[in-house]
>>> print(open('upload29.csv').read())   # CSV, C-alpha atoms and all ligand atoms
chain,number,residue,atom,x,y,z
A,1,MET,CA,0.0,0.0,0.0
A,2,SER,CA,1.2,3.5,-0.8
A,3,LEU,CA,1.4,6.1,2.0
A,4,SER,CA,-1.8,7.8,0.8
A,5,ASP,CA,-3.6,4.6,1.7
A,6,SER,CA,-2.7,4.6,5.4
A,7,ARG,CA,-6.3,5.6,6.3
A,8,LEU,CA,-7.8,2.8,4.2
A,9,GLU,CA,-8.1,-0.7,5.5
A,10,LEU,CA,-9.5,-3.9,4.1
A,11,VAL,CA,-10.7,-6.6,6.5
A,12,GLN,CA,-12.7,-9.8,6.4
A,13,GLY,CA,-15.6,-10.0,8.8
A,14,ASP,CA,-19.1,-9.1,9.8
A,15,ILE,CA,-19.8,-5.3,9.6
A,16,THR,CA,-22.4,-5.5,12.3
A,17,LYS,CA,-19.5,-6.1,14.8
A,18,VAL,CA,-17.5,-3.1,13.7
A,19,THR,CA,-17.1,-0.1,16.1
A,20,ALA,CA,-17.1,3.1,14.0
A,21,ASP,CA,-18.8,6.5,13.8
A,22,ALA,CA,-20.9,4.9,11.0
A,23,ILE,CA,-21.3,1.7,9.2
A,24,VAL,CA,-22.8,1.7,5.7
A,25,ASN,CA,-25.8,-0.4,4.8
A,26,ALA,CA,-26.4,-1.8,1.3
A,27,ALA,CA,-30.1,-1.1,1.5
A,28,ASN,CA,-33.1,-1.1,-0.9
A,29,SER,CA,-35.1,2.0,-1.9
A,30,ALA,CA,-37.9,1.2,0.5
A,31,LEU,CA,-35.4,1.2,3.5
A,32,VAL,CA,-37.4,-1.5,5.1
A,33,GLY,CA,-34.7,-4.1,5.6
A,34,GLY,CA,-34.1,-7.2,3.5
A,35,GLY,CA,-31.5,-10.0,3.1
A,36,GLY,CA,-27.7,-9.9,3.0
A,37,VAL,CA,-25.9,-7.2,4.9
A,38,ASP,CA,-29.2,-5.1,5.3
A,39,GLY,CA,-30.9,-8.0,7.1
A,40,ALA,CA,-27.9,-8.5,9.3
A,41,ILE,CA,-27.7,-4.8,10.3
A,42,HIS,CA,-31.4,-4.6,11.1
A,43,ARG,CA,-31.3,-7.8,13.2
A,44,ALA,CA,-28.3,-6.6,15.1
A,45,ALA,CA,-29.6,-3.0,15.6
A,46,GLY,CA,-33.0,-4.0,16.7
A,47,ARG,CA,-36.5,-2.8,15.9
A,48,GLU,CA,-35.9,0.9,16.5
A,49,LEU,CA,-33.7,1.0,13.4
A,50,LEU,CA,-36.7,0.0,11.2
A,51,GLU,CA,-38.9,2.5,13.0
A,52,GLU,CA,-36.5,5.3,12.2
A,53,CYS,CA,-36.1,4.1,8.6
A,54,ARG,CA,-39.9,4.2,8.2
A,55,THR,CA,-39.8,8.0,8.9
A,56,LEU,CA,-37.4,8.6,6.1
A,57,GLY,CA,-39.5,7.6,3.1
A,58,ARG,CA,-37.8,6.2,0.0
A,59,CYS,CA,-34.2,6.5,-0.9
A,60,PRO,CA,-33.5,6.5,-4.7
A,61,THR,CA,-30.6,4.5,-6.1
A,62,GLY,CA,-27.3,6.4,-5.6
A,63,GLU,CA,-28.5,8.4,-2.6
A,64,ALA,CA,-27.9,7.9,1.1
A,65,ARG,CA,-29.7,8.5,4.4
A,66,ILE,CA,-28.3,8.5,8.0
A,67,THR,CA,-29.9,7.0,11.1
A,68,GLN,CA,-28.7,6.1,14.6
A,69,GLY,CA,-27.0,2.7,15.2
A,70,TYR,CA,-29.2,1.6,18.2
A,71,LYS,CA,-27.9,-1.7,19.5
A,72,LEU,CA,-25.0,-1.8,17.1
A,73,PRO,CA,-21.5,-0.9,18.2
A,74,ALA,CA,-21.5,1.7,15.5
A,75,ARG,CA,-23.0,5.1,16.4
A,76,HIS,CA,-24.8,5.6,13.0
A,77,VAL,CA,-25.9,3.7,10.0
A,78,ILE,CA,-25.6,5.3,6.6
A,79,HIS,CA,-28.1,3.5,4.3
A,80,THR,CA,-27.3,3.7,0.6
A,81,VAL,CA,-29.0,2.0,-2.4
A,82,GLY,CA,-26.7,0.5,-4.9
A,83,PRO,CA,-27.7,-0.2,-8.6
A,84,VAL,CA,-29.0,-3.6,-9.7
A,85,TRP,CA,-26.5,-5.0,-12.2
A,86,GLN,CA,-28.2,-5.1,-15.7
A,87,GLY,CA,-25.1,-5.8,-17.8
A,88,GLY,CA,-23.3,-2.6,-17.3
A,89,GLY,CA,-25.0,-0.5,-20.0
A,90,ARG,CA,-27.6,1.2,-17.8
A,91,GLY,CA,-25.4,3.6,-16.0
A,92,GLU,CA,-24.6,1.2,-13.1
A,93,ALA,CA,-21.0,2.3,-12.7
A,94,GLY,CA,-22.0,6.0,-12.3
A,95,GLN,CA,-24.8,5.0,-9.8
A,96,LEU,CA,-22.4,2.9,-7.8
A,97,ALA,CA,-19.9,5.7,-7.6
A,98,ARG,CA,-22.7,8.0,-6.5
A,99,CYS,CA,-23.5,5.7,-3.6
A,100,TYR,CA,-19.9,6.2,-2.2
A,101,GLN,CA,-20.1,10.0,-2.9
A,102,SER,CA,-23.5,10.3,-1.2
A,103,VAL,CA,-22.2,8.4,1.9
A,104,PHE,CA,-19.1,10.7,2.1
A,105,ALA,CA,-21.3,13.8,1.8
A,106,LEU,CA,-23.1,12.6,5.0
A,107,VAL,CA,-19.8,11.7,6.6
A,108,GLU,CA,-18.6,15.3,6.0
A,109,LYS,CA,-21.9,16.9,7.0
A,110,HIS,CA,-22.0,15.1,10.4
A,111,GLY,CA,-18.2,15.4,11.1
A,112,LEU,CA,-17.7,11.6,11.2
A,113,ARG,CA,-14.2,10.3,11.5
A,114,THR,CA,-14.4,6.6,11.1
A,115,VAL,CA,-16.6,4.7,8.6
A,116,ALA,CA,-16.9,1.1,7.5
A,117,PHE,CA,-18.4,0.0,4.1
A,118,PRO,CA,-19.6,-3.4,2.9
A,119,SER,CA,-19.1,-4.2,-0.8
A,120,ILE,CA,-22.2,-2.4,-2.1
A,121,SER,CA,-24.3,-4.1,-4.8
A,122,THR,CA,-22.1,-7.2,-5.1
A,123,GLY,CA,-24.6,-9.6,-3.4
A,124,VAL,CA,-28.3,-9.8,-4.2
A,125,TYR,CA,-27.9,-6.9,-6.7
A,126,GLY,CA,-25.4,-8.9,-8.8
A,127,TYR,CA,-22.7,-6.2,-9.6
A,128,PRO,CA,-19.5,-8.0,-10.6
A,129,LEU,CA,-17.1,-8.0,-7.7
A,130,GLU,CA,-14.0,-7.1,-9.8
A,131,LYS,CA,-15.6,-4.0,-11.3
A,132,ALA,CA,-17.3,-2.9,-8.1
A,133,SER,CA,-14.1,-3.2,-6.1
A,134,ARG,CA,-12.4,-0.8,-8.4
A,135,ILE,CA,-15.1,1.8,-8.3
A,136,ALA,CA,-15.3,1.5,-4.5
A,137,LEU,CA,-11.6,2.0,-3.9
A,138,ARG,CA,-11.4,4.8,-6.4
A,139,GLU,CA,-14.2,6.7,-4.7
A,140,ILE,CA,-12.9,6.0,-1.2
A,141,ARG,CA,-9.4,7.3,-2.1
A,142,ALA,CA,-10.9,10.4,-3.7
A,143,ALA,CA,-12.9,11.1,-0.6
A,144,LEU,CA,-9.9,10.6,1.7
A,145,GLU,CA,-8.0,13.1,-0.3
A,146,ARG,CA,-10.8,15.6,-0.1
A,147,LEU,CA,-11.6,15.0,3.6
A,148,PRO,CA,-8.5,15.1,5.8
A,149,SER,CA,-10.8,15.0,8.9
A,150,VAL,CA,-11.7,11.3,8.1
A,151,GLU,CA,-9.3,9.2,10.1
A,152,LYS,CA,-10.2,5.7,8.9
A,153,VAL,CA,-12.2,4.0,6.2
A,154,THR,CA,-12.6,0.2,6.6
A,155,VAL,CA,-14.0,-2.0,3.8
A,156,VAL,CA,-15.4,-5.1,5.5
A,157,LEU,CA,-15.5,-8.0,3.1
A,158,PHE,CA,-17.7,-10.9,4.1
A,159,THR,CA,-15.6,-13.7,2.5
A,160,PRO,CA,-11.9,-14.4,2.0
A,161,TRP,CA,-12.6,-14.4,-1.7
A,162,ASP,CA,-14.1,-10.9,-1.6
A,163,LEU,CA,-11.1,-9.7,0.4
A,164,GLU,CA,-8.7,-11.2,-2.1
A,165,VAL,CA,-10.4,-9.4,-5.0
A,166,TYR,CA,-10.3,-6.1,-3.2
A,167,ARG,CA,-6.7,-6.7,-2.2
A,168,ARG,CA,-5.7,-7.2,-5.8
A,169,ALA,CA,-7.6,-4.1,-6.8
A,170,LEU,CA,-6.0,-2.0,-4.1
A,171,ALA,CA,-2.5,-3.3,-5.2
A,172,GLY,CA,-3.3,-2.0,-8.7
A,173,GLU,CA,-3.3,-5.3,-10.4
A,174,PRO,CA,-5.2,-5.2,-13.7
A,175,GLU,CA,-8.7,-6.5,-13.9
A,176,PRO,CA,-8.4,-10.1,-15.2
A,177,GLU,CA,-10.1,-10.7,-18.6
A,178,GLY,CA,-13.6,-12.0,-17.8
A,179,GLY,CA,-13.0,-11.8,-14.0
A,180,LEU,CA,-11.2,-14.3,-11.8
A,181,GLY,CA,-13.4,-17.3,-12.7
A,182,ARG,CA,-16.4,-16.5,-10.5
B,201,LIG,N1,-21.0,-8.0,6.9
B,201,LIG,C1,-20.3,-7.6,5.8
B,201,LIG,N2,-20.7,-7.9,4.5
B,201,LIG,C2,-21.8,-8.7,4.4
B,201,LIG,C3,-22.6,-9.1,5.5
B,201,LIG,C4,-22.1,-8.7,6.8
B,201,LIG,N3,-22.8,-9.1,7.9
B,201,LIG,N4,-23.6,-9.9,5.0
B,201,LIG,C5,-23.5,-9.9,3.7
B,201,LIG,N5,-22.4,-9.2,3.3
B,201,LIG,P1,-26.0,-7.7,-0.3
B,201,LIG,P2,-26.6,-5.7,-2.4
B,201,LIG,C6,-21.9,-8.9,2.0
B,201,LIG,O1,-26.7,-8.7,-1.0
B,201,LIG,O2,-26.0,-6.6,-3.4
B,201,LIG,C7,-30.8,-6.7,0.5
B,201,LIG,O3,-31.9,-7.6,0.5
B,201,LIG,C8,-22.3,-9.8,0.8
B,201,LIG,O4,-21.5,-11.0,0.8
B,201,LIG,O5,-26.1,-7.5,1.2
B,201,LIG,O6,-26.3,-4.2,-2.4
B,201,LIG,C9,-31.2,-5.3,0.5
B,201,LIG,O7,-32.4,-5.1,1.2
B,201,LIG,C10,-21.9,-8.9,-0.4
B,201,LIG,O8,-20.5,-9.0,-0.7
B,201,LIG,O9,-26.3,-6.2,-0.9
B,201,LIG,C11,-31.4,-5.0,-1.0
B,201,LIG,O10,-32.7,-5.4,-1.5
B,201,LIG,C12,-22.2,-7.5,0.1
B,201,LIG,O11,-22.4,-7.6,1.5
B,201,LIG,C13,-30.3,-5.9,-1.7
B,201,LIG,O12,-30.1,-6.9,-0.7
B,201,LIG,C14,-23.5,-6.9,-0.5
B,201,LIG,O13,-24.5,-7.9,-0.7
B,201,LIG,C15,-29.1,-5.1,-1.8
B,201,LIG,O14,-28.2,-5.9,-2.6
>>> encode(input="upload29.csv", output="structure tokens", more="lines below")
Ligand code: AR6
Amino acid sequence: MSLSDSRLELVQGDITKVTADAIVNAANSALVGGGGVDGAIHRAAGRELLEECRTLGRCPTGEARITQGYKLPARHVIHTVGPVWQGGGRGEAGQLARCYQSVFALVEKHGLRTVAFPSISTGVYGYPLEKASRIALREIRAALERLPSVEKVTVVLFTPWDLEVYRRALAGEPEPEGGLGR
């Protein structure tokens, strides 16, 4: 890792266990909970999270909303809605980049110093992991350059495979032709 990456960390694990000013949720537009990381966050935070989400209305793809963290170790949850992968020709890359930008706009507005992300859109929403990892890391690096007040950004990858793909992307290895076989 280069020096400029000292505030960016990749780890494998469960984001619901992470202590941070905010963890990011890969939500759906209705903000009512669901499967994947969204389900795990709602289960760990408790019912009050859903109650607060219900007061927020819909969140369009690419936007973000902030709530309290309730029973989570994290103080806040920033909910963002990633794009559903439709082959890559429907503006998905721009929408995914906007998710990260929208999250950092809230990080800046609320003066948050530590934030943890899951790999947005790469589960139920089907975004290819290789491509998503590159967008995520590019946007996080750009935000770190712009926001010196942010002390640490952690990307929490759920599986060793996901961590490996992000590690390669962070190391600047070229995206393999047709992905890495998954
Ligand atoms: N900690 C960290 N990462 C996790 C965890 C966890 N506890 N659980 C899953 N992941 P997904 P999406 C990883 O499907 O693709 C929901 O139903 C998972 O392995 O959670 O943006 C929402 O309500 C994957 O790498 O989110 C939406 O309807 C990553 O988190 C829809 O899914 C994202 O997978 C959003 O789909």
>>> residues_near_ligand(input="upload29.csv", ligand="ligand LIG 201 (chain B)", cutoff="6 Å", atoms="only C-alpha atoms and all ligand atoms", output="PyMOL selection string")
chain A and resi 14-16+26-28+33-38+40+82+118-126+156-158
>>> write_last_selection(input="upload29.csv", atoms="C-alpha atoms", output="PDB file, in the frame of the given file")
ATOM      1  CA  ASP A  14     -19.100  -9.100   9.800  1.00  0.00           C
ATOM      2  CA  ILE A  15     -19.800  -5.300   9.600  1.00  0.00           C
ATOM      3  CA  THR A  16     -22.400  -5.500  12.300  1.00  0.00           C
ATOM      4  CA  ALA A  26     -26.400  -1.800   1.300  1.00  0.00           C
ATOM      5  CA  ALA A  27     -30.100  -1.100   1.500  1.00  0.00           C
ATOM      6  CA  ASN A  28     -33.100  -1.100  -0.900  1.00  0.00           C
ATOM      7  CA  GLY A  33     -34.700  -4.100   5.600  1.00  0.00           C
ATOM      8  CA  GLY A  34     -34.100  -7.200   3.500  1.00  0.00           C
ATOM      9  CA  GLY A  35     -31.500 -10.000   3.100  1.00  0.00           C
ATOM     10  CA  GLY A  36     -27.700  -9.900   3.000  1.00  0.00           C
ATOM     11  CA  VAL A  37     -25.900  -7.200   4.900  1.00  0.00           C
ATOM     12  CA  ASP A  38     -29.200  -5.100   5.300  1.00  0.00           C
ATOM     13  CA  ALA A  40     -27.900  -8.500   9.300  1.00  0.00           C
ATOM     14  CA  GLY A  82     -26.700   0.500  -4.900  1.00  0.00           C
ATOM     15  CA  PRO A 118     -19.600  -3.400   2.900  1.00  0.00           C
ATOM     16  CA  SER A 119     -19.100  -4.200  -0.800  1.00  0.00           C
ATOM     17  CA  ILE A 120     -22.200  -2.400  -2.100  1.00  0.00           C
ATOM     18  CA  SER A 121     -24.300  -4.100  -4.800  1.00  0.00           C
ATOM     19  CA  THR A 122     -22.100  -7.200  -5.100  1.00  0.00           C
ATOM     20  CA  GLY A 123     -24.600  -9.600  -3.400  1.00  0.00           C
ATOM     21  CA  VAL A 124     -28.300  -9.800  -4.200  1.00  0.00           C
ATOM     22  CA  TYR A 125     -27.900  -6.900  -6.700  1.00  0.00           C
ATOM     23  CA  GLY A 126     -25.400  -8.900  -8.800  1.00  0.00           C
ATOM     24  CA  VAL A 156     -15.400  -5.100   5.500  1.00  0.00           C
ATOM     25  CA  LEU A 157     -15.500  -8.000   3.100  1.00  0.00           C
ATOM     26  CA  PHE A 158     -17.700 -10.900   4.100  1.00  0.00           C
TER      27      PHE A 158
END
>>> atom_distance(input="upload29.csv", atom1="atom CA of A:Ala143", atom2="atom CA of A:Phe104")
6.8 Å
>>> residues_near_point(input="upload29.csv", point="(-34.2, 10.9, -6.5)", cutoff="12 Å", atoms="only C-alpha atoms", output="PyMOL selection string")
chain A and resi 29+57-64+81+95+98+102
>>> residues_around(input="upload29.csv", residues="A:Gly69", least_positions_apart="2", cutoff="12 Å", atoms="all atoms listed in the file", output="PyMOL selection string")
chain A and resi 16-25+41-50+52-53+66-67+71-79
>>> closest_residue(input="upload29.csv", among="A:Ala97, A:Leu106, A:Ala132, A:Val115", to="A:Asp162", atoms="only C-alpha atoms")
A:Ala132
>>> closest_residue(input="upload29.csv", among="A:Leu56, A:Gly111, A:Glu173, A:Lys131", to="A:Ala93", atoms="only C-alpha atoms")
A:Lys131
>>> atom_distance(input="upload29.csv", atom1="atom CA of A:Gly94", atom2="atom CA of A:Phe117")
17.8 Å
>>> atom_distance(input="upload29.csv", atom1="atom CA of A:Tyr166", atom2="atom CA of A:Ser133")
5.6 Å
>>> closest_residue(input="upload29.csv", among="A:Ala171, A:Gln12, A:Tyr127, A:Arg7", to="A:Gly88", atoms="only C-alpha atoms")
A:Tyr127
>>> residues_around(input="upload29.csv", residues="A:Ile140", least_positions_apart="4", cutoff="12 Å", atoms="all atoms listed in the file", output="PDB file with C-alpha atoms, in the frame of the given file")
ATOM      1  CA  SER A   4      -1.800   7.800   0.800  1.00  0.00           C
ATOM      2  CA  ASP A   5      -3.600   4.600   1.700  1.00  0.00           C
ATOM      3  CA  ARG A   7      -6.300   5.600   6.300  1.00  0.00           C
ATOM      4  CA  LEU A   8      -7.800   2.800   4.200  1.00  0.00           C
ATOM      5  CA  GLU A   9      -8.100  -0.700   5.500  1.00  0.00           C
ATOM      6  CA  LEU A  10      -9.500  -3.900   4.100  1.00  0.00           C
ATOM      7  CA  LEU A  96     -22.400   2.900  -7.800  1.00  0.00           C
ATOM      8  CA  ALA A  97     -19.900   5.700  -7.600  1.00  0.00           C
ATOM      9  CA  ARG A  98     -22.700   8.000  -6.500  1.00  0.00           C
ATOM     10  CA  CYS A  99     -23.500   5.700  -3.600  1.00  0.00           C
ATOM     11  CA  TYR A 100     -19.900   6.200  -2.200  1.00  0.00           C
ATOM     12  CA  GLN A 101     -20.100  10.000  -2.900  1.00  0.00           C
ATOM     13  CA  SER A 102     -23.500  10.300  -1.200  1.00  0.00           C
ATOM     14  CA  VAL A 103     -22.200   8.400   1.900  1.00  0.00           C
ATOM     15  CA  PHE A 104     -19.100  10.700   2.100  1.00  0.00           C
ATOM     16  CA  ALA A 105     -21.300  13.800   1.800  1.00  0.00           C
ATOM     17  CA  VAL A 107     -19.800  11.700   6.600  1.00  0.00           C
ATOM     18  CA  VAL A 115     -16.600   4.700   8.600  1.00  0.00           C
ATOM     19  CA  ALA A 116     -16.900   1.100   7.500  1.00  0.00           C
ATOM     20  CA  PHE A 117     -18.400   0.000   4.100  1.00  0.00           C
ATOM     21  CA  SER A 119     -19.100  -4.200  -0.800  1.00  0.00           C
ATOM     22  CA  SER A 133     -14.100  -3.200  -6.100  1.00  0.00           C
ATOM     23  CA  ARG A 134     -12.400  -0.800  -8.400  1.00  0.00           C
ATOM     24  CA  ILE A 135     -15.100   1.800  -8.300  1.00  0.00           C
ATOM     25  CA  ALA A 136     -15.300   1.500  -4.500  1.00  0.00           C
ATOM     26  CA  LEU A 144      -9.900  10.600   1.700  1.00  0.00           C
ATOM     27  CA  GLU A 145      -8.000  13.100  -0.300  1.00  0.00           C
ATOM     28  CA  ARG A 146     -10.800  15.600  -0.100  1.00  0.00           C
ATOM     29  CA  LEU A 147     -11.600  15.000   3.600  1.00  0.00           C
ATOM     30  CA  VAL A 150     -11.700  11.300   8.100  1.00  0.00           C
ATOM     31  CA  LYS A 152     -10.200   5.700   8.900  1.00  0.00           C
ATOM     32  CA  VAL A 153     -12.200   4.000   6.200  1.00  0.00           C
ATOM     33  CA  THR A 154     -12.600   0.200   6.600  1.00  0.00           C
ATOM     34  CA  VAL A 155     -14.000  -2.000   3.800  1.00  0.00           C
ATOM     35  CA  LEU A 170      -6.000  -2.000  -4.100  1.00  0.00           C
TER      36      LEU A 170
END
>>> build_atoms(input="upload29.csv", residues="stretch 33-44 of chain A", atoms="all heavy atoms", output="tab-separated table (two decimals), keeping the file's coordinate frame")
chain	number	residue	atom	x	y	z
A	33	GLY	N	-35.39	-2.88	5.31
A	33	GLY	CA	-34.70	-4.10	5.60
A	33	GLY	C	-34.79	-5.09	4.48
A	33	GLY	O	-35.51	-4.84	3.52
A	34	GLY	N	-34.06	-6.19	4.57
A	34	GLY	CA	-34.10	-7.20	3.50
A	34	GLY	C	-33.16	-8.32	3.85
A	34	GLY	O	-33.03	-8.67	5.03
A	35	GLY	N	-32.48	-8.87	2.84
A	35	GLY	CA	-31.50	-10.00	3.10
A	35	GLY	C	-30.13	-9.40	3.20
A	35	GLY	O	-29.94	-8.21	3.45
A	36	GLY	N	-29.14	-10.27	3.05
A	36	GLY	CA	-27.70	-9.90	3.00
A	36	GLY	C	-27.32	-8.99	4.18
A	36	GLY	O	-27.76	-9.18	5.32
A	37	VAL	N	-26.49	-8.01	3.89
A	37	VAL	CA	-25.90	-7.20	4.90
A	37	VAL	C	-27.05	-6.31	5.58
A	37	VAL	O	-27.01	-6.01	6.78
A	37	VAL	CB	-24.74	-6.34	4.42
A	37	VAL	CG1	-25.16	-5.24	3.48
A	37	VAL	CG2	-23.92	-5.80	5.57
A	38	ASP	N	-28.04	-5.94	4.78
A	38	ASP	CA	-29.20	-5.10	5.30
A	38	ASP	C	-29.92	-5.91	6.38
A	38	ASP	O	-30.19	-5.37	7.46
A	38	ASP	CB	-30.11	-4.89	4.07
A	38	ASP	CG	-31.16	-3.84	4.32
A	38	ASP	OD1	-31.10	-3.17	5.36
A	38	ASP	OD2	-32.06	-3.70	3.46
A	39	GLY	N	-30.21	-7.18	6.11
A	39	GLY	CA	-30.90	-8.00	7.10
A	39	GLY	C	-30.05	-8.15	8.38
A	39	GLY	O	-30.57	-8.04	9.50
A	40	ALA	N	-28.76	-8.36	8.19
A	40	ALA	CA	-27.90	-8.50	9.30
A	40	ALA	C	-27.81	-7.26	10.19
A	40	ALA	O	-27.86	-7.32	11.43
A	40	ALA	CB	-26.45	-8.91	8.86
A	41	ILE	N	-27.77	-6.11	9.53
A	41	ILE	CA	-27.70	-4.80	10.30
A	41	ILE	C	-29.01	-4.59	11.02
A	41	ILE	O	-28.99	-4.22	12.20
A	41	ILE	CB	-27.37	-3.66	9.29
A	41	ILE	CG1	-25.90	-3.75	8.88
A	41	ILE	CG2	-27.70	-2.30	9.92
A	41	ILE	CD1	-25.48	-2.77	7.78
A	42	HIS	N	-30.13	-4.84	10.38
A	42	HIS	CA	-31.40	-4.60	11.10
A	42	HIS	C	-31.60	-5.59	12.25
A	42	HIS	O	-32.07	-5.18	13.30
A	42	HIS	CB	-32.59	-4.74	10.08
A	42	HIS	CG	-32.86	-3.45	9.37
A	42	HIS	ND1	-33.69	-2.48	9.86
A	42	HIS	CD2	-32.37	-2.96	8.21
A	42	HIS	CE1	-33.72	-1.44	9.04
A	42	HIS	NE2	-32.93	-1.71	8.01
A	43	ARG	N	-31.17	-6.83	12.07
A	43	ARG	CA	-31.30	-7.80	13.20
A	43	ARG	C	-30.41	-7.36	14.37
A	43	ARG	O	-30.83	-7.41	15.51
A	43	ARG	CB	-30.81	-9.19	12.74
A	43	ARG	CG	-31.89	-10.03	12.11
A	43	ARG	CD	-31.48	-11.48	11.99
A	43	ARG	NE	-30.27	-11.66	11.19
A	43	ARG	CZ	-30.23	-11.69	9.86
A	43	ARG	NH1	-31.35	-11.54	9.17
A	43	ARG	NH2	-29.10	-11.86	9.22
A	44	ALA	N	-29.20	-6.91	14.07
A	44	ALA	CA	-28.30	-6.60	15.10
A	44	ALA	C	-28.65	-5.22	15.80
A	44	ALA	O	-28.43	-5.04	17.00
A	44	ALA	CB	-26.84	-6.50	14.61
